[in-house]
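Trainee: Shown below is the structure under consideration.
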Amino acid sequence: MSKKSSNAEVVLCYPGETSWELWTNGGKGNSLRHDAMAKGSKADSPVEFKGVTHYAFPVTSAFCSPFWAASEDDSLLPDIVEMRLETMSIKPNSGLGQHYDFTALDRDENRTLLQPIMLPDGKPVELPKGDAEVFDIAPNFMPLPRNHLVIWRELGRWVAVATRKGLPAYFQALNSDEINEDAVLELKCLLLQLHSQGVIEQLSGIVVWTNELSEDGRQRMERELEMSVLNEDRPHPLLPEEPLELLPSEVAMHRESAAKRQKVRNWISAAALLYLLAIVGLGVNYFLKKRQVETLQANAETLRREVGWIEPTASRWNSLEDSYNIERFPIELLYRVLQEVPDKGIRLLDIDINADRVLVRAEATNRQLANRFVNDVKNNKTLVDYKWDHPPFKMDKSGIVTLELKGKYIYGTT
């Protein structure tokens, strides 16, 4: 069952005796009022109503199947009800929406009297325009007396509700159009069935909410059903404290579509906001970067004036490095390369040394010696200022391997 009704503005669409009626609480409490003379307060179809918050299913639009469950554990009751409906092949195939719910009518030792209430599959239901919040059956909106059989006319049909402790234990529409012998016989069979199933206790009487019951009809009901019959006007509807959780498929589809549309709108709004924030952020970042660049340019200009002489002076000194730095003398570089030439197996063909590179061409009697020589030159700690590389070796028909090893000065041209 759903949460309790609030004291907000309530507009109830209720099936009256011959037409649909609008009832409202005026924004206060559970008591409802109906102005029969007001325009738009009655209609042949609920489709003509707008702004409805609560909708009462007519008795002809729902059915029930009460039973005793061998459990008092509330956590097990939903599963018990579902299994019962599936076993009896009466569980609605609701798809979207909620087409059945249940109430716990009474408790006995180790068992609970449950009242599943269902909306039949495939039966069209006329609904008011818009999206009502609460859907429940009409008997739950009535102030039902305890342990009575209550009869009233609903949209031209006679309906009967058997109560247990003030709750509708069973309800159905009668086949008879009038309260006659056939209707009394139908009620008698109904009460016998409910008594045999233990659904109702000993009833205190019968209440007929109508001004159409004659005295003869009332006395016939008392005589045949062996209970007192009270004839009075139908009371005003009341909001149920714990309405059922019923939801027609049409409303569920409408809510799902509305939720999807709202989600799309939210995404669009979020994207627009992010786009706007991105533009603002880019603008702010642009002005901050521009200001930073201007500051750096000003600082660079100041440094240029203060220490600008250092770079040209260093460049002049670097240009003289080859003349004073022994590490860069060609004869010294030649010596360091020749240190790695073994006594046998390697013959230098050419060595070319300039300011930024060393080029060595040689022959080896086999590929192994060529690899060893290349690795020795690369691993020479006195030649770490050069990055060494070589193309693939070439081998002639006699097995002589020609290699070319190039070392590039890693600090650039001086």
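Ligands are numbered from 1 in the order shown, chains are lettered A, B, ... in the order of the structure tokens, and residues start at 1 in each chain.
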Which parts of region 111-214 of chain A does DSSP call strand (DSSP E or B) when run on the backbone here, written out as a PyMOL selection string?

Mentor: chain A and resi 111-118+134-137+148-154+157-164+167-173+205-209

Trainee: As a VMD selection string, list the residues of region 349-411 of chain A assigned to alpha helix (DSSP H) by DSSP on the backbone atoms of this structure.

Mentor: chain A and resid 367 to 379

Trainee: Just want the 9 Å neighbourhood of region 145-161 of chain A, counted on only C-alpha atoms, with same-chain residues fewer than 5 positions away dropped. Output as a ChimeraX atom specification.

Mentor: /A:15-20,58-60,139,166-179,187,191,200-210,234

Trainee: So which one's closest to Ala252 (chain A), A:Ser89, A:Thr112, A:Ser41, A:Gln98? Using only C-alpha atoms, please.

Mentor: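 Using only C-alpha atoms, Ala252 (chain A) sits closest to A:Gln98.
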
Trainee: Residues near region 385-392 of chain A, anyone? I mean within 10 Å using only C-alpha atoms, not counting same-chain ones fewer than 3 positions away, as a list in words.

Mentor: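 Here the qualifying residues turn out to be Glu327, Arg328, Asp356, Arg357, Val358, Leu359, Val360, Val374, Asn375, Val377, Lys378, Asn379, Lys381, Thr382, Met395, Thr402, Leu403, Glu404, Leu405, Lys406, Gly407, Lys408, Tyr409, Ile410, Tyr411 and Gly412 of chain A.
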
Trainee: Any chance you could export the current selection's N, CA and C atoms as a PDB file, in the first residue's frame?

Mentor:
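File produced: selection_26.pdb:
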ATOM      1  N   GLU A 327      89.145  18.056 -24.963  1.00  0.00           N
ATOM      2  CA  GLU A 327      88.170  17.005 -25.236  1.00  0.00           C
ATOM      3  C   GLU A 327      87.615  17.095 -26.654  1.00  0.00           C
ATOM      4  N   ARG A 328      87.770  18.242 -27.283  1.00  0.00           N
ATOM      5  CA  ARG A 328      87.198  18.447 -28.612  1.00  0.00           C
ATOM      6  C   ARG A 328      88.270  18.413 -29.704  1.00  0.00           C
ATOM      7  N   ASP A 356      81.002  18.850 -35.089  1.00  0.00           N
ATOM      8  CA  ASP A 356      79.838  18.277 -34.423  1.00  0.00           C
ATOM      9  C   ASP A 356      79.631  16.795 -34.679  1.00  0.00           C
ATOM     10  N   ARG A 357      80.572  16.122 -35.330  1.00  0.00           N
ATOM     11  CA  ARG A 357      80.361  14.705 -35.521  1.00  0.00           C
ATOM     12  C   ARG A 357      81.677  14.003 -35.815  1.00  0.00           C
ATOM     13  N   VAL A 358      81.628  12.641 -35.583  1.00  0.00           N
ATOM     14  CA  VAL A 358      82.761  11.764 -35.894  1.00  0.00           C
ATOM     15  C   VAL A 358      82.234  10.645 -36.779  1.00  0.00           C
ATOM     16  N   LEU A 359      82.866  10.450 -37.943  1.00  0.00           N
ATOM     17  CA  LEU A 359      82.431   9.422 -38.892  1.00  0.00           C
ATOM     18  C   LEU A 359      83.561   8.431 -39.077  1.00  0.00           C
ATOM     19  N   VAL A 360      83.258   7.140 -38.774  1.00  0.00           N
ATOM     20  CA  VAL A 360      84.260   6.087 -38.869  1.00  0.00           C
ATOM     21  C   VAL A 360      83.783   5.044 -39.864  1.00  0.00           C
ATOM     22  N   VAL A 374      81.590  -1.829 -32.586  1.00  0.00           N
ATOM     23  CA  VAL A 374      80.559  -0.795 -32.472  1.00  0.00           C
ATOM     24  C   VAL A 374      80.139  -0.607 -31.015  1.00  0.00           C
ATOM     25  N   ASN A 375      79.947  -1.717 -30.308  1.00  0.00           N
ATOM     26  CA  ASN A 375      79.520  -1.630 -28.899  1.00  0.00           C
ATOM     27  C   ASN A 375      80.615  -1.023 -28.030  1.00  0.00           C
ATOM     28  N   VAL A 377      82.854   1.209 -28.945  1.00  0.00           N
ATOM     29  CA  VAL A 377      82.878   2.662 -29.174  1.00  0.00           C
ATOM     30  C   VAL A 377      81.705   3.334 -28.449  1.00  0.00           C
ATOM     31  N   LYS A 378      80.519   2.731 -28.548  1.00  0.00           N
ATOM     32  CA  LYS A 378      79.349   3.323 -27.896  1.00  0.00           C
ATOM     33  C   LYS A 378      79.502   3.375 -26.381  1.00  0.00           C
ATOM     34  N   ASN A 379      80.154   2.368 -25.806  1.00  0.00           N
ATOM     35  CA  ASN A 379      80.290   2.277 -24.352  1.00  0.00           C
ATOM     36  C   ASN A 379      81.531   2.972 -23.816  1.00  0.00           C
ATOM     37  N   LYS A 381      83.542   5.564 -22.201  1.00  0.00           N
ATOM     38  CA  LYS A 381      83.116   6.666 -21.328  1.00  0.00           C
ATOM     39  C   LYS A 381      83.710   8.000 -21.736  1.00  0.00           C
ATOM     40  N   THR A 382      84.806   7.977 -22.498  1.00  0.00           N
ATOM     41  CA  THR A 382      85.409   9.237 -22.948  1.00  0.00           C
ATOM     42  C   THR A 382      84.711   9.789 -24.184  1.00  0.00           C
ATOM     43  N   MET A 395      78.127  -7.053 -46.136  1.00  0.00           N
ATOM     44  CA  MET A 395      79.061  -8.179 -46.195  1.00  0.00           C
ATOM     45  C   MET A 395      79.275  -8.563 -47.666  1.00  0.00           C
ATOM     46  N   THR A 402      81.660  -4.594 -43.963  1.00  0.00           N
ATOM     47  CA  THR A 402      81.936  -3.151 -44.000  1.00  0.00           C
ATOM     48  C   THR A 402      80.941  -2.461 -43.071  1.00  0.00           C
ATOM     49  N   LEU A 403      81.469  -1.606 -42.200  1.00  0.00           N
ATOM     50  CA  LEU A 403      80.598  -0.902 -41.255  1.00  0.00           C
ATOM     51  C   LEU A 403      80.861   0.589 -41.299  1.00  0.00           C
ATOM     52  N   GLU A 404      79.860   1.342 -40.908  1.00  0.00           N
ATOM     53  CA  GLU A 404      79.968   2.806 -40.838  1.00  0.00           C
ATOM     54  C   GLU A 404      79.350   3.243 -39.521  1.00  0.00           C
ATOM     55  N   LEU A 405      80.129   3.946 -38.716  1.00  0.00           N
ATOM     56  CA  LEU A 405      79.700   4.365 -37.383  1.00  0.00           C
ATOM     57  C   LEU A 405      79.774   5.880 -37.293  1.00  0.00           C
ATOM     58  N   LYS A 406      78.608   6.479 -36.908  1.00  0.00           N
ATOM     59  CA  LYS A 406      78.538   7.943 -36.878  1.00  0.00           C
ATOM     60  C   LYS A 406      78.196   8.394 -35.464  1.00  0.00           C
ATOM     61  N   GLY A 407      79.026   9.284 -34.926  1.00  0.00           N
ATOM     62  CA  GLY A 407      78.761   9.856 -33.608  1.00  0.00           C
ATOM     63  C   GLY A 407      78.423  11.333 -33.737  1.00  0.00           C
ATOM     64  N   LYS A 408      77.236  11.740 -33.222  1.00  0.00           N
ATOM     65  CA  LYS A 408      76.800  13.133 -33.308  1.00  0.00           C
ATOM     66  C   LYS A 408      76.959  13.803 -31.951  1.00  0.00           C
ATOM     67  N   TYR A 409      77.583  14.970 -31.966  1.00  0.00           N
ATOM     68  CA  TYR A 409      77.828  15.708 -30.729  1.00  0.00           C
ATOM     69  C   TYR A 409      76.475  16.148 -30.135  1.00  0.00           C
ATOM     70  N   ILE A 410      76.210  15.692 -28.907  1.00  0.00           N
ATOM     71  CA  ILE A 410      74.874  15.887 -28.362  1.00  0.00           C
ATOM     72  C   ILE A 410      74.601  17.312 -27.914  1.00  0.00           C
ATOM     73  N   TYR A 411      75.632  18.129 -27.824  1.00  0.00           N
ATOM     74  CA  TYR A 411      75.419  19.524 -27.393  1.00  0.00           C
ATOM     75  C   TYR A 411      75.376  20.505 -28.557  1.00  0.00           C
ATOM     76  N   GLY A 412      75.323  19.945 -29.777  1.00  0.00           N
ATOM     77  CA  GLY A 412      75.178  20.790 -30.938  1.00  0.00           C
ATOM     78  C   GLY A 412      76.491  21.401 -31.375  1.00  0.00           C
TER      79      GLY A 412
END

Trainee: Which neighbours of Val81 (chain A) fall inside 12 Å, counting only C-alpha atoms, when residues of the same chain fewer than 6 positions from it are skipped, and could you give them as a ChimeraX atom specification?

Mentor: /A:64-71,74-75,87-88,90-91,100-104,112-118

Trainee: Could you turn the residues from that selection into a file that holds C-alpha atoms, as a JSON list (two decimals), in the first residue's frame?

Mentor:
[["chain", "number", "residue", "atom", "x", "y", "z"],
["A", 64, "CYS", "CA", -10.98, -9.31, -5.57],
["A", 65, "SER", "CA", -10.12, -12.77, -4.27],
["A", 66, "PRO", "CA", -9.70, -12.85, -0.46],
["A", 67, "PHE", "CA", -7.99, -15.81, 1.21],
["A", 68, "TRP", "CA", -6.30, -16.87, 4.43],
["A", 69, "ALA", "CA", -2.48, -17.10, 4.24],
["A", 70, "ALA", "CA", -0.65, -19.38, 6.65],
["A", 71, "SER", "CA", 1.78, -16.66, 7.76],
["A", 74, "ASP", "CA", 4.60, -9.14, 6.70],
["A", 75, "SER", "CA", 7.77, -9.57, 4.64],
["A", 87, "THR", "CA", -1.69, -20.42, -9.10],
["A", 88, "MET", "CA", -5.25, -19.30, -9.77],
["A", 90, "ILE", "CA", -5.72, -14.43, -12.22],
["A", 91, "LYS", "CA", -2.54, -12.37, -11.86],
["A", 100, "TYR", "CA", -2.86, -5.36, -8.38],
["A", 101, "ASP", "CA", -2.29, -4.70, -4.69],
["A", 102, "PHE", "CA", -3.50, -6.23, -1.44],
["A", 103, "THR", "CA", -4.58, -5.37, 2.08],
["A", 104, "ALA", "CA", -4.35, -7.39, 5.27],
["A", 112, "THR", "CA", -3.46, -13.57, 7.90],
["A", 113, "LEU", "CA", -6.59, -12.77, 5.92],
["A", 114, "LEU", "CA", -5.43, -11.11, 2.70],
["A", 115, "GLN", "CA", -7.49, -9.21, 0.17],
["A", 116, "PRO", "CA", -5.85, -9.02, -3.32],
["A", 117, "ILE", "CA", -7.50, -6.40, -5.51],
["A", 118, "MET", "CA", -6.90, -6.52, -9.24]]

Trainee: Interatomic distance between CA of Arg111 (chain A) and CA of Gly198 (chain A)?

Mentor: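 Separation between CA of Arg111 (chain A) and CA of Gly198 (chain A): 12.1 Å.
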